[in-house]
$ cat start_17.pdb   # PDB, C-alpha atoms
ATOM      1  CA  MET A 180     186.011  47.294 197.727  1.00  0.00           C
ATOM      2  CA  THR A 181     187.192  50.794 196.974  1.00  0.00           C
ATOM      3  CA  LYS A 182     186.262  52.669 193.823  1.00  0.00           C
ATOM      4  CA  VAL A 183     189.778  52.204 192.465  1.00  0.00           C
ATOM      5  CA  GLU A 184     189.670  48.459 193.113  1.00  0.00           C
ATOM      6  CA  LYS A 185     186.263  48.199 191.481  1.00  0.00           C
ATOM      7  CA  THR A 186     187.439  50.115 188.403  1.00  0.00           C
ATOM      8  CA  TYR A 187     190.558  47.955 188.182  1.00  0.00           C
ATOM      9  CA  GLN A 188     188.473  44.783 188.391  1.00  0.00           C
ATOM     10  CA  GLN A 189     186.092  45.999 185.673  1.00  0.00           C
ATOM     11  CA  GLU A 190     188.965  46.908 183.358  1.00  0.00           C
ATOM     12  CA  LYS A 191     190.617  43.557 184.005  1.00  0.00           C
ATOM     13  CA  GLU A 192     187.402  41.694 183.187  1.00  0.00           C
ATOM     14  CA  GLN A 193     186.945  43.731 179.993  1.00  0.00           C
ATOM     15  CA  ALA A 194     190.515  43.008 178.895  1.00  0.00           C
ATOM     16  CA  LEU A 195     190.023  39.284 179.484  1.00  0.00           C
ATOM     17  CA  LYS A 196     186.805  39.327 177.476  1.00  0.00           C
ATOM     18  CA  GLU A 197     188.556  41.121 174.612  1.00  0.00           C
ATOM     19  CA  GLN A 198     191.336  38.530 174.692  1.00  0.00           C
ATOM     20  CA  ALA A 199     188.743  35.765 174.594  1.00  0.00           C
ATOM     21  CA  TYR A 200     187.137  37.329 171.506  1.00  0.00           C
ATOM     22  CA  GLU A 201     190.490  37.650 169.738  1.00  0.00           C
ATOM     23  CA  PHE A 202     191.366  34.036 170.555  1.00  0.00           C
ATOM     24  CA  ALA A 203     187.951  32.875 169.353  1.00  0.00           C
ATOM     25  CA  LYS A 204     188.338  34.724 166.048  1.00  0.00           C
ATOM     26  CA  LYS A 205     191.756  33.168 165.443  1.00  0.00           C
ATOM     27  CA  MET A 206     190.633  29.650 166.317  1.00  0.00           C
ATOM     28  CA  LEU A 207     187.327  29.536 164.405  1.00  0.00           C
ATOM     29  CA  SER A 208     188.943  27.823 161.452  1.00  0.00           C
ATOM     30  CA  ASP A 209     190.620  25.182 163.634  1.00  0.00           C
ATOM     31  CA  LEU A 210     188.109  24.365 166.384  1.00  0.00           C
ATOM     32  CA  ALA A 211     184.405  23.726 166.656  1.00  0.00           C
ATOM     33  CA  PRO A 212     182.379  26.643 168.059  1.00  0.00           C
ATOM     34  CA  ASP A 213     181.346  24.661 171.143  1.00  0.00           C
ATOM     35  CA  LYS A 214     184.994  23.926 171.977  1.00  0.00           C
ATOM     36  CA  ILE A 215     185.904  27.610 171.565  1.00  0.00           C
ATOM     37  CA  ALA A 216     183.026  28.563 173.862  1.00  0.00           C
ATOM     38  CA  GLU A 217     184.278  26.063 176.435  1.00  0.00           C
ATOM     39  CA  ILE A 218     187.867  27.353 176.302  1.00  0.00           C
ATOM     40  CA  THR A 219     187.072  31.076 176.293  1.00  0.00           C
ATOM     41  CA  GLY A 220     184.002  31.095 178.503  1.00  0.00           C
ATOM     42  CA  LEU A 221     182.068  33.003 175.853  1.00  0.00           C
ATOM     43  CA  PRO A 222     178.462  31.997 175.236  1.00  0.00           C
ATOM     44  CA  ILE A 223     178.065  29.691 172.229  1.00  0.00           C
ATOM     45  CA  GLU A 224     175.734  32.250 170.643  1.00  0.00           C
ATOM     46  CA  GLU A 225     178.485  34.877 170.633  1.00  0.00           C
ATOM     47  CA  VAL A 226     180.977  32.407 169.136  1.00  0.00           C
ATOM     48  CA  ASN A 227     178.492  31.570 166.383  1.00  0.00           C
ATOM     49  CA  ILE A 228     178.069  35.291 165.647  1.00  0.00           C
ATOM     50  CA  LEU A 229     181.852  35.660 165.357  1.00  0.00           C
ATOM     51  CA  LYS A 230     181.929  32.706 162.973  1.00  0.00           C
ATOM     52  CA  GLN A 231     179.296  34.327 160.754  1.00  0.00           C
ATOM     53  CA  ASN A 232     181.318  37.536 160.489  1.00  0.00           C
TER      54      ASN A 232
END

$ encode --input "start_17.pdb" --output "structure tokens"
Amino acid sequence: MTKVEKTYQQEKEQALKEQAYEFAKKMLSDLAPDKIAEITGLPIEEVNILKQN
């Protein structure tokens, strides 16, 4: 993998993680934290932290 490909992949992964966080924040009032973790792929601990904030 070239440096450009590696950078692209890292940026893509970061963008997906950010989208997962935004989705989780929006859905906290509608879904249980474990369901949000399942959908987004975020660890349940991180979802619980988002819920506390």

$ closest_atom_pairs --input "start_17.pdb" --of "region 187-212 of chain A" --to "region 221-226 of chain A" --cutoff "10 Å" --atoms "only C-alpha atoms" --output "Markdown table"
| residue | atom | partner | partner_atom | distance |
| --- | --- | --- | --- | --- |
| A:Lys196 | CA | A:Leu221 | CA | 8.1 |
| A:Ala199 | CA | A:Leu221 | CA | 7.3 |
| A:Tyr200 | CA | A:Leu221 | CA | 8.0 |
| A:Ala203 | CA | A:Val226 | CA | 7.0 |
| A:Lys204 | CA | A:Val226 | CA | 8.3 |
| A:Leu207 | CA | A:Val226 | CA | 8.4 |
| A:Ala211 | CA | A:Val226 | CA | 9.7 |
| A:Pro212 | CA | A:Val226 | CA | 6.0 |

$ atom_distance --input "start_17.pdb" --atom1 "CA of Ser208 (chain A)" --atom2 "CA of Gln231 (chain A)"
11.7 Å

$ axis_aligned_box --input "start_17.pdb" --around "region 189-205 of chain A" --padding-each-side "4 Å" --output "JSON"
{"center_x": 188.9, "center_y": 39.9, "center_z": 175.6, "size_x": 13.7, "size_y": 22.0, "size_z": 28.2}

$ closest_residue --input "start_17.pdb" --among "A:Gly220, A:Asn227, A:Lys185, A:Leu210" --to "Glu197 (chain A)" --atoms "all atoms listed in the file"
A:Gly220

$ atom_distance --input "start_17.pdb" --atom1 "CA of Ile215 (chain A)" --atom2 "CA of Glu190 (chain A)"
22.8 Å

$ atom_distance --input "start_17.pdb" --atom1 "CA of Ala216 (chain A)" --atom2 "CA of Ala194 (chain A)"
17.0 Å

$ closest_residue --input "start_17.pdb" --among "A:Leu195, A:Val183, A:Gln189, A:Met206" --to "Leu229 (chain A)" --atoms "all atoms listed in the file"
A:Met206
